[in-house]
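Scroll down for the structure; my scribbles are underneath it.
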Amino acid sequence: METRENVDWRTVVRFAEQEVLRPLLRALDIDAFVEIRHREEGTILSLEHGTESGRLIGRDGHTLAAIQYLVNLLVAKKFGVTRAVLIDCAGYRDRLKSSLDRIARDAARQAQRTGEPVTLEPMVAADRRLVHTALRDWHGIRTVSVDEDREAGTKRVQIAPVGDVPPAEPDETDGPPEPVPPAEE
């Protein structure tokens, strides 16, 4: 990641945690433990606070996404870094990824079986990216984001069969898509 200056990545993460995230949590009157994790997809500031987890995540992860947006906005302003850190709470990101992977696979099988495109519910960019990534190597399927609500920043992912691909057989081991369970409150 490029920065305006040659800044050590630990400095960026420390700023995100101590100068942005912690004061934001104090302003929200939330006392959460912050754990820094480094993963393939990036640096994650993981919040843990059992009784406040649902409040931190918000409906469909919108509060968590807003906190992440604010943290990265201030990091970008100070260091010129975009998409610097991810914010998670109570393992929400892993549960969401797992759920979206299953939804994407089920929709791809349906598209291949029927020969018709399947359009998913509106999603924010990060969730759409997970769906596109889940089906990136799926033979005979293409994914495209189509406009839904520009003001809200949501689009729908359309999953469509391409080429001369035989219909997929239903996979009995995969049940119906599971919704992402809310964190315990």
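Residue names in the structure tokens use chain letters A, B, ... in the order shown, residue numbers from 1 in each chain, and ligand numbers from 1 in the order shown.
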
Residue contacts of Ile30 in chain A (12 Å, only C-alpha atoms) excluding same-chain residues fewer than 3 positions away, as JSON, numbers by chain:
{"A": [21, 22, 23, 24, 25, 26, 27, 33, 34, 47, 48, 49, 50, 51, 52, 53, 54, 55, 56]}

Within 10 Å of range 141-151 of chain A, counting only C-alpha atoms, which residues qualify if same-chain residues fewer than 2 places away don't, as a VMD selection string?
chain A and resid 104 108 to 109 111 to 112 117 to 123 125 128 to 129 131 to 133 135 to 139 153 to 163 165

Written file, previous selection with N, CA and C atoms, as an mmCIF file, in the first residue's frame:
```cif
data_model
loop_
_atom_site.group_PDB
_atom_site.id
_atom_site.type_symbol
_atom_site.label_atom_id
_atom_site.label_comp_id
_atom_site.auth_asym_id
_atom_site.auth_seq_id
_atom_site.Cartn_x
_atom_site.Cartn_y
_atom_site.Cartn_z
ATOM 1 N N ALA A 104 -23.627 -17.780 -2.759
ATOM 2 C CA ALA A 104 -23.066 -17.660 -4.109
ATOM 3 C C ALA A 104 -23.054 -19.015 -4.818
ATOM 4 N N ALA A 108 -25.151 -20.029 -8.112
ATOM 5 C CA ALA A 108 -24.445 -20.488 -9.315
ATOM 6 C C ALA A 108 -25.022 -21.816 -9.798
ATOM 7 N N ARG A 109 -25.281 -22.727 -8.867
ATOM 8 C CA ARG A 109 -25.887 -24.007 -9.253
ATOM 9 C C ARG A 109 -27.279 -23.788 -9.853
ATOM 10 N N ALA A 111 -28.359 -21.073 -11.391
ATOM 11 C CA ALA A 111 -28.189 -20.454 -12.711
ATOM 12 C C ALA A 111 -27.813 -21.503 -13.752
ATOM 13 N N GLN A 112 -26.930 -22.416 -13.399
ATOM 14 C CA GLN A 112 -26.538 -23.472 -14.332
ATOM 15 C C GLN A 112 -27.679 -24.454 -14.576
ATOM 16 N N PRO A 117 -30.162 -16.222 -15.367
ATOM 17 C CA PRO A 117 -29.402 -15.500 -14.342
ATOM 18 C C PRO A 117 -30.149 -15.478 -13.010
ATOM 19 N N VAL A 118 -29.392 -15.431 -11.944
ATOM 20 C CA VAL A 118 -29.940 -15.292 -10.592
ATOM 21 C C VAL A 118 -29.401 -13.975 -10.050
ATOM 22 N N THR A 119 -30.304 -13.134 -9.559
ATOM 23 C CA THR A 119 -29.897 -11.839 -9.010
ATOM 24 C C THR A 119 -30.086 -11.869 -7.503
ATOM 25 N N LEU A 120 -29.009 -11.568 -6.776
ATOM 26 C CA LEU A 120 -29.038 -11.603 -5.319
ATOM 27 C C LEU A 120 -29.589 -10.291 -4.754
ATOM 28 N N GLU A 121 -29.817 -10.285 -3.462
ATOM 29 C CA GLU A 121 -30.307 -9.096 -2.768
ATOM 30 C C GLU A 121 -29.252 -7.982 -2.843
ATOM 31 N N PRO A 122 -29.670 -6.717 -2.664
ATOM 32 C CA PRO A 122 -28.696 -5.613 -2.670
ATOM 33 C C PRO A 122 -27.646 -5.799 -1.571
ATOM 34 N N MET A 123 -26.410 -5.442 -1.910
ATOM 35 C CA MET A 123 -25.291 -5.609 -0.980
ATOM 36 C C MET A 123 -24.361 -4.417 -1.080
ATOM 37 N N ALA A 125 -20.448 -2.898 -1.198
ATOM 38 C CA ALA A 125 -19.331 -3.298 -2.049
ATOM 39 C C ALA A 125 -18.506 -4.448 -1.466
ATOM 40 N N ARG A 128 -20.361 -7.680 -1.980
ATOM 41 C CA ARG A 128 -20.365 -8.063 -3.396
ATOM 42 C C ARG A 128 -19.016 -8.642 -3.786
ATOM 43 N N ARG A 129 -17.956 -8.045 -3.280
ATOM 44 C CA ARG A 129 -16.608 -8.523 -3.577
ATOM 45 C C ARG A 129 -16.445 -9.969 -3.110
ATOM 46 N N VAL A 131 -18.793 -12.241 -2.918
ATOM 47 C CA VAL A 131 -19.537 -13.103 -3.847
ATOM 48 C C VAL A 131 -18.750 -13.282 -5.141
ATOM 49 N N HIS A 132 -18.246 -12.179 -5.697
ATOM 50 C CA HIS A 132 -17.456 -12.268 -6.939
ATOM 51 C C HIS A 132 -16.247 -13.187 -6.728
ATOM 52 N N THR A 133 -15.580 -13.037 -5.592
ATOM 53 C CA THR A 133 -14.400 -13.854 -5.299
ATOM 54 C C THR A 133 -14.770 -15.322 -5.134
ATOM 55 N N LEU A 135 -16.987 -16.975 -6.613
ATOM 56 C CA LEU A 135 -17.319 -17.605 -7.898
ATOM 57 C C LEU A 135 -16.287 -17.322 -8.994
ATOM 58 N N ARG A 136 -15.200 -16.705 -8.623
ATOM 59 C CA ARG A 136 -14.163 -16.312 -9.588
ATOM 60 C C ARG A 136 -13.709 -17.471 -10.470
ATOM 61 N N ASP A 137 -13.530 -18.642 -9.883
ATOM 62 C CA ASP A 137 -13.024 -19.796 -10.630
ATOM 63 C C ASP A 137 -14.115 -20.806 -10.978
ATOM 64 N N TRP A 138 -15.363 -20.420 -10.845
ATOM 65 C CA TRP A 138 -16.487 -21.319 -11.139
ATOM 66 C C TRP A 138 -16.664 -21.380 -12.645
ATOM 67 N N HIS A 139 -16.434 -22.538 -13.232
ATOM 68 C CA HIS A 139 -16.514 -22.714 -14.679
ATOM 69 C C HIS A 139 -17.953 -22.511 -15.169
ATOM 70 N N GLY A 153 -25.360 3.170 -1.818
ATOM 71 C CA GLY A 153 -24.125 2.462 -2.139
ATOM 72 C C GLY A 153 -24.315 0.976 -2.329
ATOM 73 N N THR A 154 -25.535 0.569 -2.619
ATOM 74 C CA THR A 154 -25.779 -0.859 -2.806
ATOM 75 C C THR A 154 -26.011 -1.180 -4.270
ATOM 76 N N LYS A 155 -25.606 -2.380 -4.615
ATOM 77 C CA LYS A 155 -25.858 -2.951 -5.936
ATOM 78 C C LYS A 155 -26.223 -4.406 -5.703
ATOM 79 N N ARG A 156 -26.725 -5.042 -6.743
ATOM 80 C CA ARG A 156 -27.028 -6.464 -6.689
ATOM 81 C C ARG A 156 -25.989 -7.209 -7.515
ATOM 82 N N VAL A 157 -25.672 -8.417 -7.098
ATOM 83 C CA VAL A 157 -24.800 -9.272 -7.896
ATOM 84 C C VAL A 157 -25.699 -10.178 -8.717
ATOM 85 N N GLN A 158 -25.446 -10.181 -10.027
ATOM 86 C CA GLN A 158 -26.169 -11.077 -10.919
ATOM 87 C C GLN A 158 -25.209 -12.203 -11.300
ATOM 88 N N ILE A 159 -25.684 -13.427 -11.125
ATOM 89 C CA ILE A 159 -24.892 -14.625 -11.406
ATOM 90 C C ILE A 159 -25.547 -15.300 -12.598
ATOM 91 N N ALA A 160 -24.784 -15.433 -13.695
ATOM 92 C CA ALA A 160 -25.377 -15.935 -14.929
ATOM 93 C C ALA A 160 -24.516 -17.031 -15.548
ATOM 94 N N PRO A 161 -25.182 -17.995 -16.183
ATOM 95 C CA PRO A 161 -24.430 -19.027 -16.891
ATOM 96 C C PRO A 161 -23.856 -18.449 -18.185
ATOM 97 N N VAL A 162 -22.711 -18.935 -18.589
ATOM 98 C CA VAL A 162 -22.099 -18.513 -19.852
ATOM 99 C C VAL A 162 -21.598 -19.737 -20.597
ATOM 100 N N GLY A 163 -21.565 -19.626 -21.916
ATOM 101 C CA GLY A 163 -21.020 -20.695 -22.739
ATOM 102 C C GLY A 163 -21.905 -21.918 -22.773
ATOM 103 N N VAL A 165 -22.264 -24.910 -21.164
ATOM 104 C CA VAL A 165 -21.940 -25.658 -19.964
ATOM 105 C C VAL A 165 -23.138 -26.510 -19.574
#
```

Using CA of Asn6 in chain A and CA of Phe79 in chain A as the two end points, give the distance in Å to one decimal.
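We find that CA of Asn6 in chain A and CA of Phe79 in chain A lie 9.2 Å from each other.
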
Have a look at CA of Leu86 in chain A and CA of Ile103 in chain A and let me know their distance in Å, one decimal.
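Result for CA of Leu86 in chain A versus CA of Ile103 in chain A: 22.5 Å, one decimal.
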
Given only C-alpha atoms as the basis, pick out the residue of A:Asp29, A:Glu41, A:Glu35, A:Asp94 nearest to Glu17 in chain A.
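Of A:Asp29, A:Glu41, A:Glu35, A:Asp94, the one nearest Glu17 in chain A, counting only C-alpha atoms, is A:Glu35.
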
Per DSSP on the backbone, what are the strand (DSSP E) residues of chain A, as a PyMOL selection string?
chain A and resi 33-39+42-48+85-89+118-119+141-149+154-161

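Distances to Val12 in chain A were evaluated for A:Lys78, A:Arg37, A:Arg113, A:Arg105 using only C-alpha atoms, and the minimum falls at A:Lys78.
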
Separation of CA of Ser99 in chain A and CA of Asp60 in chain A, in Å?
12.3 Å

Which residue, A:Asp106, A:Tyr92, A:Lys77, A:Glu40, has the smallest gap to Ala65 in chain A when you use only C-alpha atoms?
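Among the listed residues, the smallest separation from Ala65 in chain A belongs to A:Tyr92.
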
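Among the candidate residues A:Val13, A:Ile44, A:Ile36, A:Ala76, the one lying nearest to Arg93 in chain A is A:Ile44, with distances computed using only C-alpha atoms.
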